[in-house]
Amino acid sequence: MPQRQLTGGRIRERRIALGLRQADLAKQAGISASYLNLIEHNRRRIGGKLLLDLSAALGVEPSALTEGAEAALIATLREAASAVPHVQPETEAIEDLAARFPGWAGVLVERHRRVLTLERTVEQLADRLTHDPYLAASMHEVLSSVTAIRSTAAILVDPREIEPEWRDRFHRNINEDAARLARSAQALVAYLDGAGKADAALSSPQDEMERFLTRRGHHFAELEEECTAHDRVIAAIIEGDEALQSASARAQARVYLERYRMDAERLPLARLQAARGAASTAEEGLDPLHLSARLGVDPATVMRRLASLPVADDRETSPQMPVGLVSCDASGTLLLRRALDGFALPRFGAACPRWPLFAALSRPMTPLRQTLRQSGRHGRLFRAYAIAQPVGQADYNADPLFEAHMLILPLSQDTVGPALDAETAAPREVGVSCRICPARDCEGRREPSILTDGF
Amino acid sequence: MARHVLIIEDEPNIIEAISFILTRDGWQVDTHSNGHDAVDVVRARAPDLVILDVMLPGRSGYDILTDLRAGADTRDLPILMLTARGQARDRELAEKAGASRFMTKPFSNADVIEALNALVAK
């Protein structure tokens, strides 16, 4: 009976906040102070008229004393249990646990949240230090400069005779390399300064680009409107955003925004929203193939447009239905990531090879749809739609380059209704990336997991 | 007759410094700075020894080394690998790919000369 137990604590908190003594509140509710004491310590059931009287005396709705926190607590306990299925926790007794031992239940929930936070930090730091291309390039730059300086300096201090022409040349080289070293070292220190924090300051061009898109919610209203000077609009967006500091990030942003503009011309927002509004179910309103057929636009463009819907409009049309999107090139390198709560994406390096995104690359132009669950996360289900389409202009006898997109939706009763039970039967287990994936015996594993095997 | 060394490295100032010390030490020095055609260049110039950087534009030094070890004419060619990393894994990769010797940047000029002389003396 979780409601009985946890409600007691809330009554006590509310009473103390109002500065009421137990005796005063008990009197107003028509019970004895000792009985109220038992209720507040979760030793007596409360409901019906007594709950109404107490809530009236405390000036709150009865639901404020009985709903919300219990459901959240139990949901988090379930999540913690699903993260360690091999332990085989008694999931049927979760409510009983929360009711009889609310303190211990709270400890479990708190520990679970802490583990999730730490895993995320470990994931970000480990990825940054091992796969971050910016860090690797910076380190290479520093070591190359140092090598050149060391070798050249040793020549100059060598007591053996050296021709003046060579000496001048080596002096110039040392000067060049010293300047280069100073620049690289400064950039590296600035980078490492932020690397110890999970939400580090801007550092690599990829970070800058991601921050830019996240801040804008992946939506650019300026590019949705008819206009003849989009080049200027795009330039203004890039210049006006302080997240885009490096030349590389600005170049990436330009490519992204130019494609955004082309997508918006091909599939204007109003048309997309009208098609979504006419869909018979919430999922149909986000089904790329359904929308593609209805609108006469290719599925990849539909996916990109769905991932760039304005948040407010999206909520109006489909409450609590955010979408995630990842794109990769033919090498499997992730190009674009729109995060979706609950479906983790690798910050750097390669993703899980079991994602339909990569299966799509081996079956170009074949739309794929799969139900997914990420191993060791929380047991939530997601629907993934993926397709690989050629990029660039077709040419005679030229093999096209393909780019794959994967749209991700959270699966719930809201999206698929009663069919959810059938979906949960056999979801495809996928990971984030091998380094932080707890899955054992995976045929796709590239390297050991730091979560199961340590560093 | 001077021993012939081919330096495959993309940093011009490193090439210049190493070329200078090796020339002064009596080597005939040849250089190349691109990874993608490095295997062809080695075969065409037929050096006595190769200094090969790991991080090259166009192709990794490990891949170049693997190709050279697969060819009958370059299977036994002494190759000194240079890398900006020094972790055990990089050393393992170099050894697995068939490096005759491995040297981590930044290195001293004396170490380079000592390594080359040791390799050709074998």
# chains A, B, ... in the order shown; residues from 1 in each chain; ligands from 1

$ residues_around --residues "stretch 216-227 of chain A" --least-positions-apart "5" --cutoff "8 Å" --atoms "only C-alpha atoms" --output "PDB file with C-alpha atoms, in the first residue's frame"
ATOM      1  CA  VAL A 233      19.846  34.689 -43.793  1.00  0.00           C
ATOM      2  CA  ILE A 234      22.116  31.675 -43.320  1.00  0.00           C
ATOM      3  CA  TYR A 260      17.653  22.616 -44.166  1.00  0.00           C
ATOM      4  CA  ARG A 261      16.577  25.316 -46.586  1.00  0.00           C
ATOM      5  CA  ALA A 264      11.959  23.298 -46.260  1.00  0.00           C
ATOM      6  CA  GLU A 265      11.357  24.229 -49.910  1.00  0.00           C
ATOM      7  CA  PRO A 268       7.004  23.260 -46.324  1.00  0.00           C
ATOM      8  CA  LEU A 269       6.097  23.149 -42.659  1.00  0.00           C
ATOM      9  CA  ALA A 307      13.332  16.212 -36.598  1.00  0.00           C
ATOM     10  CA  SER A 308      13.234  19.953 -37.246  1.00  0.00           C
ATOM     11  CA  LEU A 309       9.643  20.578 -36.205  1.00  0.00           C
ATOM     12  CA  PRO A 310       9.237  23.498 -33.836  1.00  0.00           C
ATOM     13  CA  VAL A 311       8.728  22.194 -30.316  1.00  0.00           C
ATOM     14  CA  ARG A 338      19.168  14.921 -32.522  1.00  0.00           C
TER      15      ARG A 338
END

$ residues_around --residues "stretch 240-247 of chain A" --least-positions-apart "3" --cutoff "9 Å" --atoms "only C-alpha atoms" --output "PDB file with N, CA and C atoms, in the first residue's frame"
ATOM      1  N   LEU A 202      32.363  24.800 -24.582  1.00  0.00           N
ATOM      2  CA  LEU A 202      32.555  24.469 -25.988  1.00  0.00           C
ATOM      3  C   LEU A 202      34.007  24.134 -26.250  1.00  0.00           C
ATOM      4  N   SER A 204      35.373  21.205 -29.137  1.00  0.00           N
ATOM      5  CA  SER A 204      35.615  20.766 -30.500  1.00  0.00           C
ATOM      6  C   SER A 204      34.540  21.344 -31.425  1.00  0.00           C
ATOM      7  N   PRO A 205      34.827  21.377 -32.721  1.00  0.00           N
ATOM      8  CA  PRO A 205      33.812  21.866 -33.670  1.00  0.00           C
ATOM      9  C   PRO A 205      32.518  21.058 -33.579  1.00  0.00           C
ATOM     10  N   ASP A 207      31.310  19.719 -30.866  1.00  0.00           N
ATOM     11  CA  ASP A 207      30.605  20.233 -29.686  1.00  0.00           C
ATOM     12  C   ASP A 207      29.870  21.524 -30.026  1.00  0.00           C
ATOM     13  N   GLU A 208      30.567  22.394 -30.738  1.00  0.00           N
ATOM     14  CA  GLU A 208      29.988  23.694 -31.076  1.00  0.00           C
ATOM     15  C   GLU A 208      28.726  23.511 -31.919  1.00  0.00           C
ATOM     16  N   MET A 209      28.825  22.630 -32.904  1.00  0.00           N
ATOM     17  CA  MET A 209      27.703  22.386 -33.800  1.00  0.00           C
ATOM     18  C   MET A 209      26.516  21.813 -33.023  1.00  0.00           C
ATOM     19  N   GLU A 210      26.826  20.890 -32.121  1.00  0.00           N
ATOM     20  CA  GLU A 210      25.745  20.266 -31.366  1.00  0.00           C
ATOM     21  C   GLU A 210      25.076  21.286 -30.444  1.00  0.00           C
ATOM     22  N   ARG A 211      25.902  22.104 -29.841  1.00  0.00           N
ATOM     23  CA  ARG A 211      25.353  23.138 -28.946  1.00  0.00           C
ATOM     24  C   ARG A 211      24.475  24.107 -29.748  1.00  0.00           C
ATOM     25  N   PHE A 212      24.937  24.470 -30.917  1.00  0.00           N
ATOM     26  CA  PHE A 212      24.200  25.376 -31.808  1.00  0.00           C
ATOM     27  C   PHE A 212      22.820  24.797 -32.131  1.00  0.00           C
ATOM     28  N   ARG A 215      20.516  24.473 -28.952  1.00  0.00           N
ATOM     29  CA  ARG A 215      19.969  25.760 -28.518  1.00  0.00           C
ATOM     30  C   ARG A 215      18.819  26.211 -29.396  1.00  0.00           C
ATOM     31  N   ALA A 235      23.959  33.235 -43.441  1.00  0.00           N
ATOM     32  CA  ALA A 235      25.168  33.901 -42.925  1.00  0.00           C
ATOM     33  C   ALA A 235      24.867  34.611 -41.608  1.00  0.00           C
ATOM     34  N   ALA A 236      23.675  35.237 -41.531  1.00  0.00           N
ATOM     35  CA  ALA A 236      23.312  35.969 -40.305  1.00  0.00           C
ATOM     36  C   ALA A 236      23.099  35.006 -39.144  1.00  0.00           C
ATOM     37  N   ILE A 237      22.489  33.852 -39.432  1.00  0.00           N
ATOM     38  CA  ILE A 237      22.273  32.861 -38.354  1.00  0.00           C
ATOM     39  C   ILE A 237      23.627  32.422 -37.795  1.00  0.00           C
ATOM     40  N   ARG A 250      31.562  26.540 -38.180  1.00  0.00           N
ATOM     41  CA  ARG A 250      30.762  27.436 -39.025  1.00  0.00           C
ATOM     42  C   ARG A 250      30.535  26.813 -40.405  1.00  0.00           C
ATOM     43  N   ALA A 251      31.570  26.133 -40.909  1.00  0.00           N
ATOM     44  CA  ALA A 251      31.420  25.472 -42.214  1.00  0.00           C
ATOM     45  C   ALA A 251      30.385  24.344 -42.118  1.00  0.00           C
ATOM     46  N   GLN A 252      30.434  23.593 -41.017  1.00  0.00           N
ATOM     47  CA  GLN A 252      29.451  22.510 -40.834  1.00  0.00           C
ATOM     48  C   GLN A 252      28.036  23.083 -40.725  1.00  0.00           C
ATOM     49  N   ALA A 253      27.932  24.210 -40.019  1.00  0.00           N
ATOM     50  CA  ALA A 253      26.618  24.832 -39.835  1.00  0.00           C
ATOM     51  C   ALA A 253      26.064  25.299 -41.185  1.00  0.00           C
TER      52      ALA A 253
END

$ closest_atom_pairs --of "chain A" --to "chain B" --cutoff "10 Å" --atoms "only C-alpha atoms" --output "CSV"
residue,atom,partner,partner_atom,distance
A:Ala136,CA,B:Arg85,CA,9.7
A:Ala137,CA,B:Met55,CA,10.0
A:Met139,CA,B:Ala84,CA,8.0
A:His140,CA,B:Ala84,CA,5.9
A:Glu141,CA,B:Ala84,CA,8.9
A:Val142,CA,B:Ala84,CA,9.1
A:Leu143,CA,B:Ala84,CA,5.9
A:Ser144,CA,B:Ala84,CA,7.0
A:Ser145,CA,B:Ile14,CA,8.5
A:Val146,CA,B:Pro106,CA,6.2
A:Thr147,CA,B:Pro106,CA,4.2
A:Ala148,CA,B:Ile14,CA,4.7
A:Ile149,CA,B:Ile14,CA,8.3
A:Arg150,CA,B:Ser108,CA,7.0
A:Ser151,CA,B:Asn109,CA,5.8
A:Thr152,CA,B:Ala17,CA,5.5
A:Ala153,CA,B:Ala17,CA,9.2
A:Ala154,CA,B:Asn109,CA,7.2
A:Ile155,CA,B:Ile21,CA,7.4
A:Trp166,CA,B:Phe20,CA,9.0
A:Arg169,CA,B:Glu16,CA,9.6
A:Phe170,CA,B:Ala17,CA,7.9
A:Arg172,CA,B:Asn13,CA,9.9
A:Asn173,CA,B:Asn13,CA,6.3
A:Ile174,CA,B:Asn13,CA,8.5
A:Glu176,CA,B:Asn13,CA,9.2
A:Asp177,CA,B:Asn13,CA,8.1

$ residues_around --residues "A:Leu407" --least-positions-apart "2" --cutoff "8 Å" --atoms "only C-alpha atoms" --output "PyMOL selection string"
chain A and resi 303+307+323-326+384-386+405+409

$ write_last_selection --atoms "C-alpha atoms" --output "PDB file, in the first residue's frame"
ATOM      1  CA  MET A 303      12.737  12.317 -41.432  1.00  0.00           C
ATOM      2  CA  ALA A 307      13.332  16.212 -36.598  1.00  0.00           C
ATOM      3  CA  VAL A 323      11.665  12.440 -32.025  1.00  0.00           C
ATOM      4  CA  GLY A 324      15.345  11.620 -32.311  1.00  0.00           C
ATOM      5  CA  LEU A 325      17.355  11.509 -35.500  1.00  0.00           C
ATOM      6  CA  VAL A 326      20.790  10.204 -36.396  1.00  0.00           C
ATOM      7  CA  ALA A 384      13.275   3.193 -35.330  1.00  0.00           C
ATOM      8  CA  TYR A 385      12.704   3.965 -38.995  1.00  0.00           C
ATOM      9  CA  ALA A 386      15.787   3.890 -41.195  1.00  0.00           C
ATOM     10  CA  HIS A 405      18.997   8.327 -41.586  1.00  0.00           C
ATOM     11  CA  LEU A 409      10.251   7.544 -31.549  1.00  0.00           C
TER      12      LEU A 409
END

$ select_by_dssp --residues "stretch 188-392 of chain A" --states "helix (DSSP H, G or I)" --output "VMD selection string"
chain A and resid 188 to 195 205 to 215 221 to 223 230 to 239 247 to 266 269 to 277 284 to 286 288 to 295 299 to 306 311 to 317 356 to 362

$ atom_distance --atom1 "atom CA of B:Val29" --atom2 "atom CA of A:Ser138"
29.4 Å

$ select_by_dssp --residues "stretch 182-361 of chain A" --states "strand (DSSP E or B)" --output "PDB file with C-alpha atoms, in the first residue's frame"
ATOM      1  CA  GLY A 324      15.345  11.620 -32.311  1.00  0.00           C
ATOM      2  CA  LEU A 325      17.355  11.509 -35.500  1.00  0.00           C
ATOM      3  CA  VAL A 326      20.790  10.204 -36.396  1.00  0.00           C
ATOM      4  CA  SER A 327      22.424  10.284 -39.806  1.00  0.00           C
ATOM      5  CA  CYS A 328      25.613   8.682 -41.025  1.00  0.00           C
ATOM      6  CA  LEU A 334      27.665   9.899 -37.529  1.00  0.00           C
ATOM      7  CA  LEU A 335      26.920  13.212 -39.213  1.00  0.00           C
ATOM      8  CA  LEU A 336      23.888  14.496 -37.378  1.00  0.00           C
ATOM      9  CA  ARG A 337      22.385  13.682 -34.034  1.00  0.00           C
ATOM     10  CA  ARG A 338      19.168  14.921 -32.522  1.00  0.00           C
ATOM     11  CA  LEU A 340      15.863  11.770 -27.763  1.00  0.00           C
ATOM     12  CA  PHE A 343      17.813   6.763 -26.299  1.00  0.00           C
TER      13      PHE A 343
END

$ residues_around --residues "B:Val54" --least-positions-apart "2" --cutoff "12 Å" --atoms "only C-alpha atoms" --output "MDAnalysis selection string"
(chainID A and resid 140 144) or (chainID B and resid 7:11 33:35 38 51:52 56:66 79:86 90:91 93:94 97 99 102:105)

$ write_last_selection --atoms "C-alpha atoms" --output "PDB file, in the first residue's frame"
ATOM      1  CA  HIS A 140      49.511  15.227 -32.812  1.00  0.00           C
ATOM      2  CA  SER A 144      54.972  17.203 -34.083  1.00  0.00           C
TER       3      SER A 144
ATOM      4  CA  ILE B   7      61.855   9.285 -44.976  1.00  0.00           C
ATOM      5  CA  ILE B   8      58.064   9.118 -45.273  1.00  0.00           C
ATOM      6  CA  GLU B   9      56.827  11.945 -43.047  1.00  0.00           C
ATOM      7  CA  ASP B  10      54.440  14.852 -43.590  1.00  0.00           C
ATOM      8  CA  GLU B  11      55.959  17.486 -41.270  1.00  0.00           C
ATOM      9  CA  SER B  33      55.234  13.071 -47.564  1.00  0.00           C
ATOM     10  CA  ASN B  34      52.062  11.327 -48.709  1.00  0.00           C
ATOM     11  CA  GLY B  35      50.539   8.092 -47.497  1.00  0.00           C
ATOM     12  CA  ALA B  38      53.892   5.488 -50.295  1.00  0.00           C
ATOM     13  CA  ILE B  51      61.647   5.836 -41.751  1.00  0.00           C
ATOM     14  CA  LEU B  52      57.851   5.703 -41.717  1.00  0.00           C
ATOM     15  CA  LEU B  56      50.219  10.454 -42.750  1.00  0.00           C
ATOM     16  CA  PRO B  57      47.797  12.198 -45.065  1.00  0.00           C
ATOM     17  CA  GLY B  58      46.040   9.704 -47.298  1.00  0.00           C
ATOM     18  CA  ARG B  59      46.901   6.484 -45.504  1.00  0.00           C
ATOM     19  CA  SER B  60      47.977   5.177 -42.126  1.00  0.00           C
ATOM     20  CA  GLY B  61      51.601   4.148 -41.640  1.00  0.00           C
ATOM     21  CA  TYR B  62      50.352   0.814 -40.227  1.00  0.00           C
ATOM     22  CA  ASP B  63      48.525   0.022 -43.477  1.00  0.00           C
ATOM     23  CA  ILE B  64      51.553   0.987 -45.549  1.00  0.00           C
ATOM     24  CA  LEU B  65      53.746  -1.230 -43.389  1.00  0.00           C
ATOM     25  CA  THR B  66      51.336  -4.157 -43.723  1.00  0.00           C
ATOM     26  CA  ILE B  79      61.559  -0.035 -41.344  1.00  0.00           C
ATOM     27  CA  LEU B  80      61.713   2.390 -38.429  1.00  0.00           C
ATOM     28  CA  MET B  81      58.216   3.520 -37.388  1.00  0.00           C
ATOM     29  CA  LEU B  82      57.715   7.015 -35.978  1.00  0.00           C
ATOM     30  CA  THR B  83      54.605   7.926 -34.076  1.00  0.00           C
ATOM     31  CA  ALA B  84      53.295  10.752 -31.962  1.00  0.00           C
ATOM     32  CA  ARG B  85      51.791   8.214 -29.599  1.00  0.00           C
ATOM     33  CA  GLY B  86      53.708   6.002 -27.264  1.00  0.00           C
ATOM     34  CA  ASP B  90      50.590   1.544 -30.638  1.00  0.00           C
ATOM     35  CA  ARG B  91      53.771  -0.385 -30.030  1.00  0.00           C
ATOM     36  CA  LEU B  93      50.216  -2.447 -33.577  1.00  0.00           C
ATOM     37  CA  ALA B  94      53.599  -1.494 -35.021  1.00  0.00           C
ATOM     38  CA  ALA B  97      52.333  -4.928 -38.657  1.00  0.00           C
ATOM     39  CA  ALA B  99      57.974  -2.768 -37.838  1.00  0.00           C
ATOM     40  CA  PHE B 102      59.490   1.743 -33.147  1.00  0.00           C
ATOM     41  CA  MET B 103      60.329   5.274 -32.025  1.00  0.00           C
ATOM     42  CA  THR B 104      58.072   7.731 -30.212  1.00  0.00           C
ATOM     43  CA  LYS B 105      58.012  11.447 -30.933  1.00  0.00           C
TER      44      LYS B 105
END

$ residues_around --residues "B:Val5" --least-positions-apart "6" --cutoff "8 Å" --atoms "only C-alpha atoms" --output "ChimeraX atom specification"
/B:27-30,47-51

$ closest_residue --among "A:Arg305, A:Glu40, A:Lys49, A:Ile94" --to "A:Ser82" --atoms "only C-alpha atoms"
A:Ile94

$ residues_around --residues "A:Val302" --least-positions-apart "6" --cutoff "10 Å" --atoms "only C-alpha atoms" --output "CSV table (one decimal) with C-alpha atoms, in the first residue's frame"
chain,number,residue,atom,x,y,z
A,263,ASP,CA,14.3,20.5,-47.3
A,264,ALA,CA,12.0,23.3,-46.3
A,266,ARG,CA,10.7,20.6,-50.8
A,267,LEU,CA,8.4,20.0,-47.8
A,272,LEU,CA,3.9,18.5,-43.2
A,286,LEU,CA,5.3,10.5,-37.6
A,287,ASP,CA,5.7,7.5,-39.9
A,288,PRO,CA,8.2,8.6,-42.6
A,289,LEU,CA,7.0,6.2,-45.2
A,290,HIS,CA,3.3,7.0,-44.7
A,291,LEU,CA,4.1,10.7,-44.9
A,292,SER,CA,6.4,10.2,-47.8
A,295,LEU,CA,3.3,14.1,-49.6
A,296,GLY,CA,5.3,12.9,-52.5
A,308,SER,CA,13.2,20.0,-37.2
A,407,LEU,CA,14.3,8.4,-37.0

$ residues_around --residues "B:Gly26" --least-positions-apart "4" --cutoff "9 Å" --atoms "only C-alpha atoms" --output "list of chain:residue names"
B:Ala2, B:Arg3, B:Ile21, B:Leu22

$ write_last_selection --atoms "C-alpha atoms" --output "short mmCIF file (atom, residue, chain, number, x, y, z; two decimals), in the first residue's frame"
data_model
loop_
_atom_site.label_atom_id
_atom_site.label_comp_id
_atom_site.auth_asym_id
_atom_site.auth_seq_id
_atom_site.Cartn_x
_atom_site.Cartn_y
_atom_site.Cartn_z
CA ALA B 2 76.24 5.73 -49.18
CA ARG B 3 73.35 3.88 -47.60
CA ILE B 21 71.53 14.93 -39.55
CA LEU B 22 71.40 11.81 -41.67
#

$ closest_residue --among "A:Thr91, A:Arg111, A:Ala229, A:Ala83" --to "A:Gln374" --atoms "only C-alpha atoms"
A:Ala83
